[in-house]
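Pasted below: entry_10.txt, compact mmCIF, C-alpha atoms and all ligand atoms.
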# COMPACT_ATOMS: atom_id res chain seq x y z
CA MET A 1125 -0.60 -20.17 17.55
CA SER A 1126 1.53 -18.18 15.14
CA LYS A 1127 5.27 -18.57 15.34
CA TRP A 1128 8.31 -16.77 13.92
CA ILE A 1129 10.09 -18.19 10.90
CA GLU A 1130 13.57 -17.10 9.85
CA GLY A 1131 13.89 -15.44 6.44
CA LYS A 1132 17.01 -14.27 4.63
CA VAL A 1133 17.51 -10.92 2.95
CA VAL A 1134 18.14 -11.63 -0.74
CA GLY A 1135 17.81 -8.11 -2.14
CA LYS A 1136 17.75 -4.51 -1.04
CA LYS A 1137 16.99 -1.26 -2.84
CA ARG A 1138 17.61 2.22 -1.46
CA TRP A 1139 15.25 4.57 -3.31
CA THR A 1140 16.14 7.67 -1.25
CA GLU A 1141 17.80 8.33 2.12
CA ARG A 1142 14.50 7.36 3.80
CA LEU A 1143 12.85 4.87 1.40
CA PHE A 1144 13.90 1.23 1.09
CA SER A 1145 12.70 -2.08 -0.30
CA LEU A 1146 13.82 -5.42 1.09
CA GLN A 1147 13.45 -8.76 -0.61
CA VAL A 1148 13.21 -11.65 1.80
CA ALA A 1149 13.33 -15.36 1.04
CA ALA A 1150 10.80 -17.17 3.25
CA SER A 1151 9.14 -19.67 0.93
CA SER A 1152 6.91 -21.32 3.56
CA LEU A 1153 4.97 -18.06 4.07
CA THR A 1154 2.00 -17.72 1.70
CA PHE A 1155 -0.43 -14.80 1.37
CA VAL A 1156 -3.21 -13.24 -0.68
CA ALA A 1157 -2.39 -10.01 -2.58
CA GLY A 1158 -3.22 -7.03 -0.35
CA GLN A 1159 -2.29 -8.77 2.92
CA PHE A 1160 0.59 -7.88 5.25
CA ALA A 1161 3.33 -9.83 6.99
CA ARG A 1162 4.79 -9.15 10.41
CA LEU A 1163 8.55 -8.57 10.13
CA ALA A 1164 10.72 -8.74 13.22
CA LEU A 1165 14.24 -8.57 14.60
CA PRO A 1166 15.39 -9.68 18.05
CA ALA A 1167 14.32 -7.14 20.68
CA ALA A 1168 16.83 -5.29 22.87
CA PRO A 1169 18.01 -7.29 25.91
CA GLY A 1170 15.62 -6.94 28.85
CA SER A 1171 12.54 -6.30 26.61
CA GLU A 1172 9.27 -8.00 27.55
CA GLU A 1173 9.01 -9.73 24.17
CA ALA A 1174 11.87 -11.62 22.53
CA MET A 1175 11.07 -10.14 19.09
CA LEU A 1176 10.33 -6.58 17.96
CA GLY A 1177 7.79 -6.89 15.13
CA ARG A 1178 5.74 -4.55 12.92
CA PRO A 1179 3.26 -5.14 10.06
CA TYR A 1180 4.44 -4.59 6.44
CA SER A 1181 2.39 -5.09 3.27
CA PHE A 1182 3.59 -7.55 0.64
CA VAL A 1183 4.61 -5.73 -2.56
CA ASN A 1184 5.30 -8.84 -4.65
CA PRO A 1185 2.48 -10.87 -6.22
CA PRO A 1186 1.87 -14.15 -4.35
CA ASP A 1187 3.74 -16.21 -6.94
CA GLY A 1188 6.95 -14.13 -6.59
CA ALA A 1189 10.22 -15.92 -5.84
CA ALA A 1190 10.97 -13.75 -2.77
CA HIS A 1191 8.74 -11.55 -0.61
CA GLU A 1192 9.21 -7.81 -1.00
CA PHE A 1193 8.49 -5.01 1.47
CA TYR A 1194 8.60 -1.24 0.83
CA PHE A 1195 9.08 0.98 3.84
CA ASN A 1196 10.27 4.33 5.02
CA VAL A 1197 12.73 4.84 7.83
CA LEU A 1198 11.33 6.65 10.84
CA PRO A 1199 14.60 7.85 12.43
CA GLU A 1200 13.21 7.61 15.98
CA GLY A 1201 11.30 4.39 15.30
CA PRO A 1202 12.59 1.23 16.98
CA LEU A 1203 12.35 -1.14 13.98
CA SER A 1204 12.45 0.63 10.61
CA PRO A 1205 16.09 1.97 10.92
CA ARG A 1206 17.23 -1.55 11.84
CA LEU A 1207 15.42 -3.05 8.82
CA ALA A 1208 17.07 -0.47 6.55
CA ALA A 1209 20.50 -1.46 7.90
CA LEU A 1210 20.08 -5.14 6.91
CA GLU A 1211 22.25 -6.46 4.09
CA GLY A 1212 22.20 -9.56 1.84
CA ASP A 1213 22.08 -12.89 3.72
CA ASP A 1214 21.13 -11.23 7.04
CA SER A 1215 18.28 -12.87 8.95
CA VAL A 1216 14.89 -11.27 9.45
CA TRP A 1217 11.95 -13.02 11.11
CA LEU A 1218 8.36 -13.20 9.84
CA LEU A 1219 5.21 -14.50 11.50
CA ASP A 1220 4.26 -17.72 9.76
CA ARG A 1221 0.80 -16.36 8.84
CA ALA A 1222 -0.10 -13.38 6.66
CA ASN A 1223 -2.99 -11.17 7.81
CA GLY A 1224 -5.50 -8.62 6.57
CA PHE A 1225 -8.66 -8.21 4.51
CA PHE A 1226 -7.46 -5.46 2.14
CA CYS A 1227 -7.95 -7.91 -0.73
CA VAL A 1228 -9.93 -8.00 -3.98
CA ALA A 1229 -12.00 -11.01 -2.86
CA GLU A 1230 -13.44 -8.83 -0.08
CA LEU A 1231 -14.65 -6.10 -2.48
CA PRO A 1232 -18.12 -5.82 -4.03
CA ASP A 1233 -18.46 -5.63 -7.83
CA ALA A 1234 -18.16 -2.22 -9.50
CA ALA A 1235 -17.16 -0.89 -12.93
CA ALA A 1236 -13.98 0.76 -11.65
CA LEU A 1237 -11.50 0.09 -8.87
CA TRP A 1238 -9.75 3.15 -7.44
CA CYS A 1239 -6.52 2.42 -5.53
CA LEU A 1240 -5.45 5.49 -3.54
CA ALA A 1241 -2.13 5.57 -1.68
CA THR A 1242 0.16 7.92 0.15
CA GLY A 1243 3.87 7.05 0.40
CA THR A 1244 4.60 3.42 1.16
CA GLY A 1245 0.83 2.71 1.08
CA LEU A 1246 1.53 2.02 -2.61
CA GLY A 1247 2.84 -1.45 -1.68
CA PRO A 1248 -0.31 -3.58 -1.48
CA TYR A 1249 -1.60 -2.25 -4.81
CA LEU A 1250 1.58 -3.34 -6.59
CA SER A 1251 0.87 -6.84 -5.34
CA ILE A 1252 -2.86 -6.74 -6.18
CA LEU A 1253 -2.43 -5.23 -9.66
CA ARG A 1254 0.10 -7.91 -10.64
CA THR A 1255 -2.51 -10.64 -10.11
CA GLU A 1256 -5.45 -11.43 -12.44
CA GLU A 1257 -8.05 -10.80 -9.71
CA PRO A 1258 -8.76 -7.06 -10.14
CA TRP A 1259 -8.79 -7.35 -13.94
CA GLU A 1260 -11.40 -10.11 -13.80
CA LYS A 1261 -13.63 -8.12 -11.44
CA PHE A 1262 -13.31 -4.49 -12.66
CA GLU A 1263 -13.33 -2.96 -16.15
CA ARG A 1264 -11.05 -0.04 -15.23
CA VAL A 1265 -8.42 0.39 -12.53
CA VAL A 1266 -7.00 3.70 -11.31
CA LEU A 1267 -3.82 3.90 -9.23
CA VAL A 1268 -3.17 7.15 -7.34
CA HIS A 1269 0.15 7.66 -5.55
CA ALA A 1270 0.76 10.79 -3.47
CA VAL A 1271 4.23 11.75 -2.22
CA ARG A 1272 5.98 14.91 -1.02
CA HIS A 1273 8.94 14.99 -3.42
CA ALA A 1274 9.29 13.64 -6.97
CA ALA A 1275 12.18 11.41 -5.82
CA ASP A 1276 9.67 9.52 -3.64
CA LEU A 1277 7.76 8.25 -6.72
CA SER A 1278 9.20 4.72 -6.47
CA TYR A 1279 8.41 1.62 -8.57
CA GLY A 1280 7.96 3.52 -11.86
CA ASP A 1281 9.08 0.43 -13.83
CA VAL A 1282 6.52 -1.83 -12.13
CA ILE A 1283 3.73 0.70 -12.74
CA ALA A 1284 4.78 1.07 -16.40
CA GLY A 1285 4.68 -2.76 -16.68
CA ILE A 1286 1.11 -2.86 -15.33
CA ALA A 1287 0.06 -0.12 -17.77
CA ALA A 1288 1.66 -1.97 -20.71
CA ALA A 1289 -0.05 -5.26 -19.74
CA ARG A 1290 -3.55 -3.65 -19.48
CA PRO A 1291 -3.93 -1.20 -22.39
CA GLY A 1292 -7.04 0.99 -22.11
CA ARG A 1293 -7.93 -0.34 -18.66
CA PHE A 1294 -5.39 1.31 -16.34
CA ALA A 1295 -4.80 4.94 -15.35
CA PHE A 1296 -2.01 6.20 -13.09
CA ALA A 1297 -2.17 9.55 -11.28
CA PRO A 1298 0.96 10.58 -9.35
CA PHE A 1299 0.77 13.49 -6.90
CA VAL A 1300 3.76 15.52 -5.70
CA SER A 1301 2.88 17.99 -2.94
CA ARG A 1302 6.09 19.87 -2.05
CA GLU A 1303 7.50 20.85 -5.46
CA PRO A 1304 6.23 21.27 -9.01
CA HIS A 1305 6.79 18.11 -11.07
CA LYS A 1306 5.97 17.65 -14.75
CA GLY A 1307 3.55 14.79 -15.29
CA ALA A 1308 2.21 14.83 -11.72
CA LEU A 1309 -0.75 16.49 -10.06
CA SER A 1310 -0.01 19.00 -7.31
CA GLY A 1311 -1.49 19.25 -3.82
CA ARG A 1312 -3.38 16.57 -1.90
CA ILE A 1313 -5.63 13.76 -3.14
CA PRO A 1314 -8.82 14.80 -1.24
CA ASP A 1315 -8.65 18.38 -2.61
CA ALA A 1316 -8.18 17.10 -6.18
CA VAL A 1317 -11.23 14.87 -5.80
CA ARG A 1318 -13.28 17.77 -4.39
CA ASP A 1319 -12.38 20.15 -7.23
CA GLY A 1320 -12.71 17.49 -9.98
CA ARG A 1321 -9.03 17.55 -11.10
CA LEU A 1322 -8.42 13.87 -10.37
CA GLU A 1323 -11.42 12.56 -12.33
CA ALA A 1324 -10.53 14.93 -15.20
CA TRP A 1325 -6.98 13.45 -15.20
CA THR A 1326 -8.06 9.79 -15.11
CA ARG A 1327 -11.37 10.13 -17.03
CA VAL A 1328 -12.88 7.58 -14.62
CA PRO A 1329 -15.84 8.65 -12.42
CA LEU A 1330 -15.37 8.20 -8.67
CA THR A 1331 -19.03 7.75 -7.75
CA ALA A 1332 -21.19 5.33 -5.79
CA GLU A 1333 -22.72 4.09 -9.07
CA ASN A 1334 -19.39 3.43 -10.77
CA ALA A 1335 -16.57 2.81 -8.34
CA HIS A 1336 -15.10 1.04 -5.36
CA ALA A 1337 -12.23 2.90 -3.68
CA MET A 1338 -9.39 1.42 -1.63
CA LEU A 1339 -7.53 3.88 0.63
CA CYS A 1340 -4.11 3.06 2.08
CA GLY A 1341 -1.37 4.83 4.03
CA ASN A 1342 -1.40 8.07 5.98
CA PRO A 1343 -4.38 8.25 8.37
CA ASP A 1344 -4.96 11.97 7.57
CA MET A 1345 -5.44 11.18 3.86
CA VAL A 1346 -7.65 8.21 4.71
CA ARG A 1347 -9.81 10.31 7.08
CA ASP A 1348 -10.11 13.25 4.66
CA MET A 1349 -10.89 10.97 1.69
CA GLN A 1350 -13.48 9.13 3.75
CA GLU A 1351 -15.20 12.50 4.32
CA VAL A 1352 -15.05 13.42 0.62
CA LEU A 1353 -16.46 10.03 -0.42
CA GLU A 1354 -19.24 10.20 2.17
CA GLN A 1355 -20.21 13.62 0.80
CA ARG A 1356 -20.63 11.81 -2.54
CA GLY A 1357 -23.03 9.31 -0.96
CA MET A 1358 -20.41 6.56 -0.70
CA ARG A 1359 -20.28 4.33 2.41
CA ARG A 1360 -17.54 2.31 4.05
CA HIS A 1361 -17.73 -1.32 2.90
CA ARG A 1362 -18.46 -4.01 5.47
CA ARG A 1363 -18.92 -7.71 4.87
CA ARG A 1364 -22.47 -7.58 6.22
CA GLU A 1365 -23.32 -4.24 4.64
CA PRO A 1366 -21.72 -3.75 1.20
CA GLY A 1367 -20.42 -0.24 0.57
CA HIS A 1368 -18.14 1.76 -1.70
CA PHE A 1369 -14.76 2.11 0.00
CA THR A 1370 -12.30 0.01 1.98
CA LEU A 1371 -9.41 1.30 4.04
CA GLU A 1372 -6.08 0.41 5.63
CA THR A 1373 -4.19 2.93 7.79
CA TYR A 1374 -0.47 2.45 8.51
CA TRP A 1375 -0.48 4.22 11.87
C1 LIG B 1401 -1.51 -3.10 8.47
C2 LIG B 1401 -0.24 -2.29 8.41
C3 LIG B 1401 0.62 -2.43 7.32
C4 LIG B 1401 1.79 -1.66 7.26
N1 LIG B 1401 2.58 -1.75 6.15
C5 LIG B 1401 3.63 -0.90 6.01
C6 LIG B 1401 4.40 -0.90 4.81
O1 LIG B 1401 4.18 -1.70 3.89
N2 LIG B 1401 5.43 0.00 4.72
C7 LIG B 1401 5.70 0.90 5.73
O2 LIG B 1401 6.62 1.74 5.58
N3 LIG B 1401 5.00 0.90 6.89
C8 LIG B 1401 3.99 0.01 7.05
N4 LIG B 1401 3.29 0.01 8.22
C9 LIG B 1401 3.84 0.78 9.36
C10 LIG B 1401 4.93 -0.09 10.03
O3 LIG B 1401 4.34 -1.22 10.63
C11 LIG B 1401 5.75 0.65 11.11
O4 LIG B 1401 4.90 1.33 12.00
C12 LIG B 1401 6.76 1.62 10.52
O5 LIG B 1401 7.68 0.96 9.65
C13 LIG B 1401 7.62 2.30 11.62
O6 LIG B 1401 8.16 1.31 12.47
P1 LIG B 1401 9.10 1.74 13.66
O7 LIG B 1401 9.20 0.58 14.62
O8 LIG B 1401 10.41 2.25 13.14
O9 LIG B 1401 8.33 2.93 14.37
P2 LIG B 1401 6.88 2.92 15.04
O10 LIG B 1401 7.05 3.04 16.53
O11 LIG B 1401 6.06 1.78 14.55
O12 LIG B 1401 6.26 4.24 14.44
C14 LIG B 1401 6.66 5.52 14.87
C15 LIG B 1401 5.72 6.57 14.30
O13 LIG B 1401 5.99 6.74 12.91
C16 LIG B 1401 4.80 7.05 12.18
N5 LIG B 1401 4.69 6.06 11.06
C17 LIG B 1401 4.51 4.70 11.14
N6 LIG B 1401 4.53 4.14 9.91
C18 LIG B 1401 4.77 5.14 9.05
C19 LIG B 1401 4.91 5.19 7.64
N7 LIG B 1401 4.84 4.06 6.86
N8 LIG B 1401 5.14 6.39 7.06
C20 LIG B 1401 5.24 7.53 7.81
N9 LIG B 1401 5.10 7.55 9.16
C21 LIG B 1401 4.86 6.38 9.77
C22 LIG B 1401 3.68 7.01 13.18
O14 LIG B 1401 3.41 8.33 13.62
C23 LIG B 1401 4.23 6.19 14.31
O15 LIG B 1401 3.62 6.49 15.52
C24 LIG B 1401 2.11 -0.75 8.31
C25 LIG B 1401 1.26 -0.66 9.42
C26 LIG B 1401 0.09 -1.39 9.46
C27 LIG B 1401 -0.81 -1.22 10.66
Please express what this file holds, its structure, as C-alpha cells.
Amino acid sequence: MSKWIEGKVVGKKRWTERLFSLQVAASSLTFVAGQFARLALPAAPGSEEAMLGRPYSFVNPPDGAAHEFYFNVLPEGPLSPRLAALEGDDSVWLLDRANGFFCVAELPDAAALWCLATGTGLGPYLSILRTEEPWEKFERVVLVHAVRHAADLSYGDVIAGIAAARPGRFAFAPFVSREPHKGALSGRIPDAVRDGRLEAWTRVPLTAENAHAMLCGNPDMVRDMQEVLEQRGMRRHRRREPGHFTLETYW
C-alpha cells in the first residue's frame, strides 16, 4: 500500500502569473526519469479523502538533490492554486512511490527520439534528457515545446545546457502560437509536421523507419499528432506490439 510522505518546499520559481516550479526535498522518494509523483495537500474539512492529490511529472534528473515540479495554475482547480501559494519550508505531501511508463527503457530502438510537448508537458523530457539513457539509445534527439506566448518558454537555461552537452545530436524547436516570436515556429505542432516545416527546421526525419516519438501534455495535441503519425504509417507503441510513438496526456 502506498502512503504519503511529508516533503518540504526548498525552492520556488514564478515564471509567469500562471506558471510555477516548486522544488521539494523528499529524499526517500526515488523515480525513473519520465515518471510522475503524486503531490498532495490536506483536503478541505469534510472531504471524503484526507488528502487532495494530483499527478505531477518529475523535472529533475533522478540524481538531483531536490525533486522539481513544473505546473500551471488552473484558477478554478482545487489543487494547483494552493501549490502555487506554497513558500519555502512549507510542507507538501508525496506518495511514497513514483509511477508511469513514459520512460526511455520502455521505448524500442530507433535512430532518432522526438520529444513533443505542449506547456508543462515539457517537464518529463527535462528529466529524461539530463540522464545518459536517451543518448545511449538514440543518435539524435529532438525536443519540441509548444506554448501560446513567448513568456511561457520556460527552462531556456536547462535546454541550452542540454544542447551544449550534446553537440550535433540535439535539436530544439520552440513553437509560439499566439504572437510572432523570433527564433520560434508559429502555429501548432501537428500542422507543422503535416506541411513539413518542423522536419525542415530540425533536419531530422519523423518517419516509421527513423524515429520514435513521445507526446506529452494537452490531449488535443496528443490526439491530433497521433492522427498525423498514423497517416505516416506509425503505430502506438505497446509492450507486446512494438510501435513508433508513446503518449502521456495531462487531462
Ligand atoms: C500523468 C500526469 C502527469 C501530470 N503532470 C503534470 C505536470 O507535470 N504539470 C502540470 O501542470 N500538470 C500535470 N498534470 C495535471 C495535474 O495533475 C493537475 O490536473 C493540474 O495541475 C490541475 O490541478 P487542479 O487540482 O488545480 O485542477 P484539476 O481539477 O485537476 O483540473 C481542472 C481542469 O484543468 C485542465 N488541466 C489540467 N491540467 C492542466 C495543465 N497542466 N494545463 C492546462 N490545463 C490543465 C483540465 O481541463 C482539467 O479538467 C499531470 C496529469 C497527469 C495525468
Name the residues in contact with Thr1373 of chain A at a cut-off of 12 Å, using only C-alpha atoms, excluding same-chain residues fewer than 2 positions from it; report them as an MDAnalysis selection string.
chainID A and resid 1179:1181 1224 1226 1240:1246 1248 1338:1347 1350 1370:1371 1375
Do a neighbour search on His1336 of chain A at 12 Å with all atoms listed in the file, toss out local chain neighbours closer than 3 positions, and write the hits as a ChimeraX atom specification.
/A:1228,1230-1240,1258,1261-1266,1328-1333,1339,1353,1358-1361,1366-1371
Output the selection as an mmCIF file, in the coordinates of the input - C-alpha atoms for each residue.
data_model
loop_
_atom_site.group_PDB
_atom_site.id
_atom_site.type_symbol
_atom_site.label_atom_id
_atom_site.label_comp_id
_atom_site.auth_asym_id
_atom_site.auth_seq_id
_atom_site.Cartn_x
_atom_site.Cartn_y
_atom_site.Cartn_z
ATOM 1 C CA VAL A 1228 -9.930 -8.000 -3.980
ATOM 2 C CA GLU A 1230 -13.440 -8.830 -0.080
ATOM 3 C CA LEU A 1231 -14.650 -6.100 -2.480
ATOM 4 C CA PRO A 1232 -18.120 -5.820 -4.030
ATOM 5 C CA ASP A 1233 -18.460 -5.630 -7.830
ATOM 6 C CA ALA A 1234 -18.160 -2.220 -9.500
ATOM 7 C CA ALA A 1235 -17.160 -0.890 -12.930
ATOM 8 C CA ALA A 1236 -13.980 0.760 -11.650
ATOM 9 C CA LEU A 1237 -11.500 0.090 -8.870
ATOM 10 C CA TRP A 1238 -9.750 3.150 -7.440
ATOM 11 C CA CYS A 1239 -6.520 2.420 -5.530
ATOM 12 C CA LEU A 1240 -5.450 5.490 -3.540
ATOM 13 C CA PRO A 1258 -8.760 -7.060 -10.140
ATOM 14 C CA LYS A 1261 -13.630 -8.120 -11.440
ATOM 15 C CA PHE A 1262 -13.310 -4.490 -12.660
ATOM 16 C CA GLU A 1263 -13.330 -2.960 -16.150
ATOM 17 C CA ARG A 1264 -11.050 -0.040 -15.230
ATOM 18 C CA VAL A 1265 -8.420 0.390 -12.530
ATOM 19 C CA VAL A 1266 -7.000 3.700 -11.310
ATOM 20 C CA VAL A 1328 -12.880 7.580 -14.620
ATOM 21 C CA PRO A 1329 -15.840 8.650 -12.420
ATOM 22 C CA LEU A 1330 -15.370 8.200 -8.670
ATOM 23 C CA THR A 1331 -19.030 7.750 -7.750
ATOM 24 C CA ALA A 1332 -21.190 5.330 -5.790
ATOM 25 C CA GLU A 1333 -22.720 4.090 -9.070
ATOM 26 C CA LEU A 1339 -7.530 3.880 0.630
ATOM 27 C CA LEU A 1353 -16.460 10.030 -0.420
ATOM 28 C CA MET A 1358 -20.410 6.560 -0.700
ATOM 29 C CA ARG A 1359 -20.280 4.330 2.410
ATOM 30 C CA ARG A 1360 -17.540 2.310 4.050
ATOM 31 C CA HIS A 1361 -17.730 -1.320 2.900
ATOM 32 C CA PRO A 1366 -21.720 -3.750 1.200
ATOM 33 C CA GLY A 1367 -20.420 -0.240 0.570
ATOM 34 C CA HIS A 1368 -18.140 1.760 -1.700
ATOM 35 C CA PHE A 1369 -14.760 2.110 0.000
ATOM 36 C CA THR A 1370 -12.300 0.010 1.980
ATOM 37 C CA LEU A 1371 -9.410 1.300 4.040
#
If the limit is 6 Å from any atom of ligand LIG 1401 (chain B), counting only C-alpha atoms and all ligand atoms, which residues qualify? Return them as a list in words.
Phe1160, Arg1178, Pro1179, Tyr1180, Ser1181, Phe1193, Tyr1194, Phe1195, Asn1196, Leu1198, Gly1201, Pro1202, Leu1203, Ser1204, Thr1244, Gly1247, Tyr1374 and Trp1375 of chain A
Between A:Trp1325, A:Phe1182, A:Tyr1279, A:Trp1128, single out the one closest to Trp1217 of chain A, counting only C-alpha atoms.
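With only C-alpha atoms as the atom set, the closest residue is A:Trp1128.
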Between A:Val1352, A:Ala1337, A:Leu1153, A:Val1317, which one has atoms that come closest to Leu1219 of chain A, using all atoms listed in the file?
A:Leu1153
Which polymer residues have any atom within 12 Å of an atom of Asp1187 of chain A, counting only C-alpha atoms, with same-chain residues fewer than 4 positions away left out, as a list in words?
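My reading of the contact set: Ser1151, Leu1153, Thr1154, Phe1155, Val1156, Ala1157, Phe1182, Val1183, His1191, Glu1192, Ser1251, Ile1252, Arg1254, Thr1255 and Glu1256 of chain A.
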For the residues in that selection, give me C-alpha atoms as an mmCIF file, in the frame of the given file.
data_model
loop_
_atom_site.group_PDB
_atom_site.id
_atom_site.type_symbol
_atom_site.label_atom_id
_atom_site.label_comp_id
_atom_site.auth_asym_id
_atom_site.auth_seq_id
_atom_site.Cartn_x
_atom_site.Cartn_y
_atom_site.Cartn_z
ATOM 1 C CA SER A 1151 9.140 -19.670 0.930
ATOM 2 C CA LEU A 1153 4.970 -18.060 4.070
ATOM 3 C CA THR A 1154 2.000 -17.720 1.700
ATOM 4 C CA PHE A 1155 -0.430 -14.800 1.370
ATOM 5 C CA VAL A 1156 -3.210 -13.240 -0.680
ATOM 6 C CA ALA A 1157 -2.390 -10.010 -2.580
ATOM 7 C CA PHE A 1182 3.590 -7.550 0.640
ATOM 8 C CA VAL A 1183 4.610 -5.730 -2.560
ATOM 9 C CA HIS A 1191 8.740 -11.550 -0.610
ATOM 10 C CA GLU A 1192 9.210 -7.810 -1.000
ATOM 11 C CA SER A 1251 0.870 -6.840 -5.340
ATOM 12 C CA ILE A 1252 -2.860 -6.740 -6.180
ATOM 13 C CA ARG A 1254 0.100 -7.910 -10.640
ATOM 14 C CA THR A 1255 -2.510 -10.640 -10.110
ATOM 15 C CA GLU A 1256 -5.450 -11.430 -12.440
#
Quote the spacing between atom CA of Cys1227 of chain A and atom CA of Gln1159 of chain A in Å to one decimal place.
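Separation of atom CA of Cys1227 of chain A and atom CA of Gln1159 of chain A: 6.8 Å.
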A:Ala1222, A:Val1148, A:Leu1210, A:Leu1250 ranked by distance to Asp1281 of chain A, top pick (using all atoms listed in the file):
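Of A:Ala1222, A:Val1148, A:Leu1210, A:Leu1250, the one nearest Asp1281 of chain A is A:Leu1250, counting all atoms listed in the file.
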Using only C-alpha atoms, can you list as a ChimeraX atom specification the residues within 9 Å of (18.0, -10.5, 3.6)?
/A:1131-1136,1146-1149,1210-1216
